[in-house]
Each structure stands twice: as C-alpha cells, then as structure tokens.
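A.B. asks: After the structure tokens below, expect a handful of questions from me.
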Amino acid sequence: MERILVVNGPNLNLLGERDRGHYGSMTLEEINSDISSLARELSVEVAFFQSNHEGDLIDTIHAERKRCQGIVINPGALTHYSYSLRDALEAVAIPVVEVHLSDIYSREEWRRHSVIEPVALFSVVGKGPAGYLEALRGLVEHLRGT
Ligand code: DQA
C-alpha cells in the first residue's frame, strides 16, 4: 500500500476561523477526515503533518523520504518565498502535488508566484477543500500509472 504524506504549512491550523472568504469554513481536522475517507477508498495510507515552522516541515519531509511514495502539500505563505522548502521537496525526489484552497493567481500580486510549482507534478488551486481530494486522486493515479 502506498503511503502519502499530507503536509500543511503555516496558519493552516486556523482553517475554519481564518479568513473564511478565501479559505471556507471547514477546519483542517474536517478536511483531513475527508482525505482519510478517500484514502480508504483508494487503498492508500495517509500521514498528516501541519506546522507553523519551516524547519519542522523540512525535517518531516526528510524523515518521511524513505517511507512515503508521494506528498500532497499546501505550504501556506511559504509557497511564495521558501527556497529551502522548495529545495527539500526537490531533494527527496518524491512526486509532489501542490494545493491551495484559494486561487493564488487571482489574489494579491505577491501571492501570484509559487516557488514550489516548478518542483510539483501539478498544482490544484482555488478549489477549496476539494482540491486536496483532487490532488490525492491525481497523485495515486500517477503512482499507479493509471
Ligand atoms: C494558501 C494561499 C497562501 O497565499 C496563503 O498564505 C495561505 C493559504 C491557500 O491555501 O490558498 O496560507 O496556500
């Protein structure tokens, strides 16, 4: 069974209360529960990690590199400037799918650039919590060559 690491970066622990206009009303716990249901349907194992600390995200990605076959990541604001997170994802050479709840390409100028996008297999933006499900499905299809 493939193991997929689902990573959420800074401030995503506040989903449900944070800027609902952009991020909706579901909590991260609720989103993760939907991801777990889909994972059961697809027969994959999922591991969840959220942190507000760049180094902890990188340490977890390193620690998981020999255990997981794919990564779904919403890096939060680190998307726009974290070359160290980008390099970590490139270094572990595991297929990565980038997710953003909001459409970063139609928001403020500074959000319109992702340093993660070039190292991702594909990105899902602006689809709300359903974006994580689309990312997981696409990643599993990629891993299984289906
Ligand atoms: C986000 C978009 C980022 O610009 C922002 O900093 C976030 C959330 C999203 O899911 O839309 O924290 O990644």
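Chain lettering (A, B, ...) mirrors the order of the structure tokens, residue numbering begins at 1 for each chain separately, and ligand numbering begins at 1 in order of display.
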Give me, as a PyMOL selection string, the set of residues whose atoms come within 10 Å of any atom of ligand 1, counting only C-alpha atoms and all ligand atoms.

C.D. replies: chain A and resi 8-15+18-19+22-23+73-80+98-105+107-108+110-114+124-129+131-132

A.B. asks: Would you mind listing what lies within 9 Å of Ile71 of chain A as a list in words, with only C-alpha atoms counted and same-chain residues fewer than 4 positions away left out?

C.D. replies: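 Here the answer would be Arg3, Ile4, Leu5, Val6, Val7, Ile61, Leu89, Ile94, Pro95, Val96, Val97, Glu98, Leu136 and Leu139 of chain A.
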
A.B. asks: Distance atom CA of Val119 of chain A-atom CA of Ser82 of chain A, one decimal place?

C.D. replies: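 These two atoms are separated by 12.5 Å.
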
A.B. asks: Return as a compact mmCIF listing (two decimals) with N, CA, C and O atoms, in the first residue's frame the full set of residues in segment 61-95 of chain A whose backbone-based DSSP assignment is strand (DSSP E or B).

C.D. replies:
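Writing the result to states_3.txt gives the following:
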```txt
# COMPACT_ATOMS: atom_id res chain seq x y z
N GLY A 70 4.58 9.60 -2.02
CA GLY A 70 4.07 10.83 -2.61
C GLY A 70 3.77 11.85 -1.52
O GLY A 70 3.57 11.48 -0.35
N ILE A 71 3.75 13.11 -1.91
CA ILE A 71 3.48 14.20 -0.96
C ILE A 71 2.42 15.13 -1.55
O ILE A 71 2.53 15.54 -2.71
N VAL A 72 1.41 15.43 -0.74
CA VAL A 72 0.45 16.49 -1.07
C VAL A 72 0.77 17.62 -0.11
O VAL A 72 0.82 17.40 1.10
N ILE A 73 1.00 18.80 -0.63
CA ILE A 73 1.40 19.90 0.26
C ILE A 73 0.70 21.21 -0.06
O ILE A 73 0.61 21.60 -1.21
N ASN A 74 0.17 21.82 1.01
CA ASN A 74 -0.25 23.22 0.95
C ASN A 74 0.76 23.98 1.82
O ASN A 74 0.66 23.93 3.06
```

A.B. asks: Determine, counting only C-alpha atoms, which protein, DNA and RNA residues have an atom within 10 Å of an atom of Glu29 of chain A; residues of the same chain fewer than 4 positions away are not included. Present the result as a VMD selection string.

C.D. replies: chain A and resid 13 15 to 16 33 to 35 48

A.B. asks: Take the residues that were just selected and, keeping N, CA and C atoms, output them as a PDB file, in the first residue's frame.

C.D. replies:
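As a result, result_19.pdb now contains:
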```pdb
ATOM      1  N   ASN A  13      -3.539  25.580  10.422  1.00  0.00           N
ATOM      2  CA  ASN A  13      -4.198  25.051  11.634  1.00  0.00           C
ATOM      3  C   ASN A  13      -5.398  25.917  12.025  1.00  0.00           C
ATOM      4  N   LEU A  15      -7.673  27.045   9.908  1.00  0.00           N
ATOM      5  CA  LEU A  15      -8.783  26.933   8.960  1.00  0.00           C
ATOM      6  C   LEU A  15     -10.091  26.764   9.717  1.00  0.00           C
ATOM      7  N   GLY A  16     -11.131  27.390   9.183  1.00  0.00           N
ATOM      8  CA  GLY A  16     -12.429  27.339   9.872  1.00  0.00           C
ATOM      9  C   GLY A  16     -12.712  28.645  10.571  1.00  0.00           C
ATOM     10  N   SER A  33     -10.196  14.528   7.634  1.00  0.00           N
ATOM     11  CA  SER A  33     -11.103  13.393   7.760  1.00  0.00           C
ATOM     12  C   SER A  33     -11.640  12.989   6.373  1.00  0.00           C
ATOM     13  N   ASP A  34     -11.949  13.973   5.526  1.00  0.00           N
ATOM     14  CA  ASP A  34     -12.382  13.666   4.152  1.00  0.00           C
ATOM     15  C   ASP A  34     -11.244  13.024   3.352  1.00  0.00           C
ATOM     16  N   ILE A  35     -10.035  13.491   3.588  1.00  0.00           N
ATOM     17  CA  ILE A  35      -8.877  12.895   2.889  1.00  0.00           C
ATOM     18  C   ILE A  35      -8.720  11.432   3.324  1.00  0.00           C
ATOM     19  N   PHE A  48      -0.541  12.676   8.192  1.00  0.00           N
ATOM     20  CA  PHE A  48      -0.794  14.122   8.176  1.00  0.00           C
ATOM     21  C   PHE A  48       0.251  14.862   9.010  1.00  0.00           C
TER      22      PHE A  48
END
```

A.B. asks: Which of these, A:Cys68, A:Ala47, A:Ile58, A:Leu38, has the shortest distance to Ala91 of chain A once you count only C-alpha atoms?

C.D. replies: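 Ranked by minimum distance to Ala91 of chain A, first place goes to A:Ile58.
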
A.B. asks: Using only C-alpha atoms, which of the listed residues (A:Ala93, A:Glu2, A:Ala88, A:Leu143) sits closest to Gly55 of chain A?

C.D. replies: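 Of all the options, A:Ala88 lies closest to Gly55 of chain A.
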
A.B. asks: Per DSSP on the backbone, what are the alpha helix (DSSP H) residues of chain A, as a PyMOL selection string?

C.D. replies: chain A and resi 20-23+28-42+54-63+83-92+130-144

A.B. asks: Tell me, in Å to one decimal, how far atom CA of Phe49 of chain A is from atom CA of Thr27 of chain A.

C.D. replies: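 Between atom CA of Phe49 of chain A and atom CA of Thr27 of chain A the gap works out to 14.4 Å.
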
A.B. asks: When distances are computed from only C-alpha atoms, which of A:Glu109, A:Arg67, A:Pro118, A:Glu134 shows the smallest separation from Asp87 of chain A?

C.D. replies: A:Pro118

A.B. asks: What does the distance between atom CA of Glu30 of chain A and atom CA of Phe122 of chain A come to in Å, to one decimal place?

C.D. replies: 23.8 Å
